[in-house]
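Below: structure.cif (mmCIF, C-alpha atoms)
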```
data_structure
#
loop_
_atom_site.label_atom_id
_atom_site.label_comp_id
_atom_site.auth_asym_id
_atom_site.auth_seq_id
_atom_site.Cartn_x
_atom_site.Cartn_y
_atom_site.Cartn_z
CA LEU T 1 -19.19 6.17 3.32
CA LYS T 2 -16.63 4.17 1.42
CA SER T 3 -13.65 3.94 3.77
CA ILE T 4 -11.86 1.04 2.06
CA GLN T 5 -10.16 2.31 -1.10
CA ALA T 6 -8.75 -1.07 -2.15
CA LEU T 7 -7.57 -4.50 -1.12
CA GLU T 8 -4.41 -5.59 -2.91
CA TRP T 9 -2.10 -8.56 -3.38
CA VAL T 10 1.56 -7.53 -3.46
CA PRO T 11 4.05 -10.30 -4.34
CA HIS T 12 7.67 -10.21 -3.23
CA VAL T 13 9.69 -10.21 -6.46
CA LEU T 14 13.46 -10.56 -6.70
CA HIS T 15 15.17 -8.63 -9.48
CA LYS T 16 16.02 -11.84 -11.34
CA ASP T 17 12.25 -12.64 -11.52
CA ARG T 18 11.08 -9.17 -12.55
CA ASP T 19 10.76 -9.78 -16.31
CA SER T 20 8.90 -13.06 -15.87
CA LEU T 21 6.42 -11.46 -13.41
CA GLU T 22 5.76 -8.57 -15.80
CA GLN T 23 5.19 -11.02 -18.67
CA ALA T 24 2.86 -13.15 -16.51
CA ALA T 25 0.81 -10.07 -15.62
CA ARG T 26 0.46 -9.18 -19.31
CA ARG T 27 -0.72 -12.75 -20.00
CA ASP T 28 -3.23 -12.29 -17.15
CA GLY T 29 -4.75 -9.41 -19.12
CA PHE T 30 -2.88 -6.40 -17.73
CA ALA T 31 -1.55 -5.02 -21.02
CA GLY T 32 1.62 -2.99 -20.59
CA PHE T 33 2.06 -4.10 -16.97
CA GLN T 34 5.39 -3.16 -15.47
CA ILE T 35 6.71 -2.52 -11.99
CA ILE T 36 6.52 1.24 -11.51
CA GLN T 37 7.62 3.93 -9.11
CA ARG T 38 6.84 7.62 -8.74
CA ALA T 39 9.07 10.24 -10.34
CA GLY T 40 7.66 13.57 -9.28
CA ASP T 41 4.01 13.57 -10.33
CA ARG T 42 4.24 10.73 -12.85
CA SER T 43 4.83 6.99 -12.86
CA VAL T 44 7.90 5.46 -14.51
CA ARG T 45 9.37 1.97 -14.79
CA ALA T 46 10.98 1.17 -11.44
CA GLU T 47 14.74 1.41 -11.26
CA ASP T 48 16.72 -1.78 -10.83
CA ARG T 49 16.68 -2.96 -7.21
CA ARG T 50 17.34 -6.23 -5.40
CA GLU T 51 13.63 -6.74 -4.69
CA TYR T 52 10.22 -5.29 -5.44
CA PHE T 53 6.74 -5.36 -3.94
CA PRO T 54 4.45 -4.45 -6.87
CA VAL T 55 0.67 -4.28 -6.66
CA TYR T 56 -0.42 -7.22 -8.83
CA TYR T 57 -4.12 -7.68 -8.04
CA LEU T 58 -6.47 -5.13 -6.56
CA GLU T 59 -10.14 -4.79 -5.86
CA PRO T 60 -11.94 -2.74 -6.89
CA PHE T 61 -9.94 -2.20 -10.05
CA GLU T 62 -12.02 0.74 -11.24
CA GLY T 63 -10.65 3.93 -9.74
CA ASN T 64 -7.43 2.24 -8.66
CA GLU T 65 -5.90 1.50 -12.08
CA ASN T 66 -2.92 3.80 -11.41
CA ALA T 67 -1.84 1.56 -8.54
CA MET T 68 -1.27 -1.52 -10.76
CA GLY T 69 2.42 -2.40 -10.75
CA PHE T 70 3.20 0.31 -8.19
CA ASP T 71 5.94 -0.73 -5.77
CA PRO T 72 4.90 0.67 -2.37
CA GLY T 73 8.21 -0.48 -0.92
CA GLN T 74 10.18 2.22 -2.68
CA ALA T 75 7.68 5.04 -2.47
CA SER T 76 8.36 6.44 0.98
CA ILE T 77 9.93 5.75 4.31
CA GLN T 78 6.43 5.41 5.80
CA ARG T 79 5.41 2.68 3.37
CA TRP T 80 8.71 0.84 3.55
CA GLY T 81 8.74 1.08 7.35
CA ALA T 82 5.32 -0.54 7.54
CA ILE T 83 6.35 -3.29 5.10
CA GLU T 84 9.53 -4.02 7.07
CA LYS T 85 7.62 -4.10 10.35
CA ALA T 86 5.05 -6.54 8.91
CA ILE T 87 7.76 -8.83 7.55
CA GLN T 88 9.86 -8.77 10.73
CA SER T 89 6.91 -9.25 13.09
CA GLY T 90 4.95 -11.65 10.90
CA ALA T 91 1.84 -9.60 11.75
CA ALA T 92 -0.16 -6.72 10.29
CA ALA T 93 1.53 -3.32 10.30
CA ALA T 94 0.09 0.07 9.39
CA SER T 95 1.72 3.04 7.72
CA HIS T 96 1.47 6.67 8.76
CA MET T 97 -0.96 8.92 6.90
CA MET T 98 -0.20 9.59 3.25
CA THR T 99 -1.82 10.39 -0.08
CA LEU T 100 -2.34 7.70 -2.70
CA ILE T 101 -1.01 7.35 -6.23
CA GLN T 102 -4.56 6.66 -7.47
CA ASP T 103 -6.38 9.35 -5.47
CA LYS T 104 -7.07 12.59 -7.34
CA ASP T 105 -8.70 14.10 -4.22
CA GLN T 106 -5.49 13.75 -2.14
CA GLN T 107 -7.35 12.29 0.85
CA HIS T 108 -5.43 10.99 3.85
CA ALA T 109 -4.96 7.24 3.62
CA MET T 110 -3.41 4.54 5.73
CA LEU T 111 -1.97 1.30 4.39
CA VAL T 112 -2.10 -1.93 6.36
CA PHE T 113 0.27 -4.70 5.24
CA VAL T 114 -0.21 -8.33 6.26
CA PRO T 115 2.72 -10.63 5.39
CA ILE T 116 2.31 -14.03 3.80
CA MET T 117 5.39 -16.05 4.64
CA ASN T 118 6.84 -19.09 2.85
CA HIS T 119 6.69 -22.27 4.91
CA GLU T 120 10.25 -23.19 3.96
CA LEU T 121 13.09 -21.68 5.95
CA ASP T 122 15.92 -19.69 4.37
CA GLN T 123 19.62 -20.45 4.94
CA ALA T 124 19.55 -18.61 8.27
CA GLY T 125 16.59 -20.69 9.48
CA ASP T 126 14.07 -17.86 9.07
CA LYS T 127 10.86 -17.83 7.06
CA GLU T 128 11.05 -15.73 3.90
CA ILE T 129 8.42 -13.30 2.72
CA ASN T 130 6.22 -14.60 -0.12
CA SER T 131 3.88 -11.65 -0.55
CA LEU T 132 1.78 -9.07 1.24
CA VAL T 133 -1.91 -8.40 1.43
CA GLU T 134 -2.45 -4.65 1.53
CA GLY T 135 -5.53 -2.82 2.74
CA VAL T 136 -5.86 0.81 1.67
CA TYR T 137 -8.08 2.82 4.00
CA LEU T 138 -9.35 6.39 3.63
CA VAL T 139 -8.84 7.57 7.18
CA GLU T 140 -11.26 10.52 7.34
CA LYS T 141 -14.09 8.36 5.99
CA LEU T 142 -13.14 5.47 8.28
CA ILE T 143 -13.29 7.70 11.36
CA ALA T 144 -16.51 9.38 10.21
CA ALA T 145 -18.11 5.95 9.72
CA ALA T 146 -16.93 4.81 13.17
CA LEU T 147 -18.40 7.94 14.79
CA SER T 148 -21.61 7.98 12.75
CA ASP T 149 -23.60 6.09 15.40
CA TYR T 150 -22.75 8.69 18.03
CA LYS T 151 -24.59 11.97 18.13
CA ILE T 152 -21.78 14.40 18.82
CA PRO T 153 -23.25 17.84 19.62
CA ASN T 154 -22.16 20.76 17.46
CA THR T 155 -20.68 22.35 20.57
CA ILE T 156 -18.00 19.64 20.74
CA VAL T 157 -15.14 19.76 18.28
CA ALA T 158 -13.30 16.49 17.72
CA THR T 159 -9.93 16.68 16.03
CA ILE T 160 -7.52 13.78 15.50
CA TYR T 161 -3.86 14.45 14.73
CA GLU T 162 -1.08 12.25 13.33
CA LYS T 163 0.96 11.06 16.34
CA GLU T 164 4.31 11.45 14.57
CA ASN T 165 3.32 14.77 12.98
CA PRO T 166 0.95 16.71 15.27
CA ALA T 167 0.57 19.47 12.68
CA GLN T 168 -1.15 16.99 10.36
CA ILE T 169 -4.87 16.84 11.05
CA ILE T 170 -6.32 13.44 10.19
CA TYR T 171 -9.94 14.17 11.05
CA SER T 172 -11.96 17.10 12.31
CA ASN T 173 -15.72 17.49 12.58
#
```
Would you mind writing the file out in structure tokens?
Amino acid sequence: LKSIQALEWVPHVLHKDRDSLEQAARRDGFAGFQIIQRAGDRSVRAEDRREYFPVYYLEPFEGNENAMGFDPGQASIQRWGAIEKAIQSGAAAASHMMTLIQDKDQQHAMLVFVPIMNHELDQAGDKEINSLVEGVYLVEKLIAAALSDYKIPNTIVATIYEKENPAQIIYSN
């Protein structure tokens, strides 16, 4: 069971650096690269904002192409909340369940963001965010893999719900 959808590098990009990052990505072989956001069911060039967190590198690339340039920071409160928590705590932070831009099957996924901080301090004496490492996990497959060593009898039903949204079933055998 493939429970890891992708591992990604997500740089912190200020608006003033947006054009140079997009050009650098094109030079790196990502033709037509731009920072994108969702508009309904399609991707469009991201609106002007103070900062961006675009997916710049990802592995595996195949099957995840639609995530290139995607700014998870603007996509939803869940994603942005996890990013903010990671930056503020300096530690890994996970999102709530969601569906992915690159997933045609609409499986439940969870994003885990790990901040990479600059060593230099900003004017307030705090470390600034440099980038994020993002793990994209398919939750149902992750749970199934974790439980695969246990022989759960057919007479036992195991169901896992989203804590913040109990109506959302994450896994059920």
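Remark: for T:Asn154, the closest of the candidate residues T:Ala67, T:Pro72, T:Ser172, T:Ile36 is T:Ser172 (distances computed over all atoms listed in the file).
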Exercise for review: Could you jot down the atom CA of T:Ser20 to atom CA of T:Phe53 separation for me, Å, one decimal place?
Suggested key: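 Here the two named atoms are 14.4 Å from each other.
The smallest atom-to-atom distance between T:Tyr57 and any of T:Glu140, T:Glu8, T:Asp149, T:Asp71, using only C-alpha atoms, is found for T:Glu8.
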Using all atoms listed in the file and a cutoff of 12 Å, can you tell me which residues are near (9.7, -3.4, 5.5) in the file's coordinates, and write them out as a PDB file with C-alpha atoms, in the coordinates of the input?
```pdb
ATOM      1  CA  HIS T  12       7.670 -10.210  -3.230  1.00  0.00           C
ATOM      2  CA  GLU T  51      13.630  -6.740  -4.690  1.00  0.00           C
ATOM      3  CA  TYR T  52      10.220  -5.290  -5.440  1.00  0.00           C
ATOM      4  CA  PHE T  53       6.740  -5.360  -3.940  1.00  0.00           C
ATOM      5  CA  PRO T  72       4.900   0.670  -2.370  1.00  0.00           C
ATOM      6  CA  GLY T  73       8.210  -0.480  -0.920  1.00  0.00           C
ATOM      7  CA  GLN T  74      10.180   2.220  -2.680  1.00  0.00           C
ATOM      8  CA  ALA T  75       7.680   5.040  -2.470  1.00  0.00           C
ATOM      9  CA  SER T  76       8.360   6.440   0.980  1.00  0.00           C
ATOM     10  CA  ILE T  77       9.930   5.750   4.310  1.00  0.00           C
ATOM     11  CA  GLN T  78       6.430   5.410   5.800  1.00  0.00           C
ATOM     12  CA  ARG T  79       5.410   2.680   3.370  1.00  0.00           C
ATOM     13  CA  TRP T  80       8.710   0.840   3.550  1.00  0.00           C
ATOM     14  CA  GLY T  81       8.740   1.080   7.350  1.00  0.00           C
ATOM     15  CA  ALA T  82       5.320  -0.540   7.540  1.00  0.00           C
ATOM     16  CA  ILE T  83       6.350  -3.290   5.100  1.00  0.00           C
ATOM     17  CA  GLU T  84       9.530  -4.020   7.070  1.00  0.00           C
ATOM     18  CA  LYS T  85       7.620  -4.100  10.350  1.00  0.00           C
ATOM     19  CA  ALA T  86       5.050  -6.540   8.910  1.00  0.00           C
ATOM     20  CA  ILE T  87       7.760  -8.830   7.550  1.00  0.00           C
ATOM     21  CA  GLN T  88       9.860  -8.770  10.730  1.00  0.00           C
ATOM     22  CA  SER T  89       6.910  -9.250  13.090  1.00  0.00           C
ATOM     23  CA  GLY T  90       4.950 -11.650  10.900  1.00  0.00           C
ATOM     24  CA  ALA T  91       1.840  -9.600  11.750  1.00  0.00           C
ATOM     25  CA  ALA T  92      -0.160  -6.720  10.290  1.00  0.00           C
ATOM     26  CA  ALA T  93       1.530  -3.320  10.300  1.00  0.00           C
ATOM     27  CA  ALA T  94       0.090   0.070   9.390  1.00  0.00           C
ATOM     28  CA  SER T  95       1.720   3.040   7.720  1.00  0.00           C
ATOM     29  CA  VAL T 112      -2.100  -1.930   6.360  1.00  0.00           C
ATOM     30  CA  PHE T 113       0.270  -4.700   5.240  1.00  0.00           C
ATOM     31  CA  VAL T 114      -0.210  -8.330   6.260  1.00  0.00           C
ATOM     32  CA  PRO T 115       2.720 -10.630   5.390  1.00  0.00           C
ATOM     33  CA  ILE T 129       8.420 -13.300   2.720  1.00  0.00           C
ATOM     34  CA  SER T 131       3.880 -11.650  -0.550  1.00  0.00           C
ATOM     35  CA  LEU T 132       1.780  -9.070   1.240  1.00  0.00           C
TER      36      LEU T 132
END
```
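The list of residues with at least one atom within 7 Å of T:Ser3, based on all atoms listed in the file and without residues fewer than 5 positions apart in the same chain, reads Tyr137, Leu138, Val139, Lys141 and Leu142 of chain T.
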Exercise for review: Determine, counting all atoms listed in the file, which protein, DNA and RNA residues have an atom within 12 Å of an atom of T:Glu164; residues of the same chain fewer than 2 positions away are not included. Present the result as a VMD selection string.
Suggested key: chain T and resid 78 95 to 97 161 to 162 166 to 170
Point to revise | Option closest in space to T:Lys2, from T:Pro60, T:Pro153, T:Gly40, T:Gly69 [counting all atoms listed in the file] | key: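 The shortest atom-to-atom distance to T:Lys2 comes from T:Pro60.
Picture a line from atom CA of T:Glu65 to atom CA of T:Ser43; it runs 12.1 Å.
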Check your understanding: Quick one, how far is atom CA of T:Ile35 from atom CA of T:Ile4?
Key ->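 Pair atom CA of T:Ile35 / atom CA of T:Ile4 returns 23.6 Å.
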Exercise for review: List the residues matched by the PyMOL selection byres ((chain T and resi 15) around 8) in the displayed structure as a ChimeraX atom specification, ordered by chain and then by residue number.
Suggested key: /T:13-14,16-18,48-52
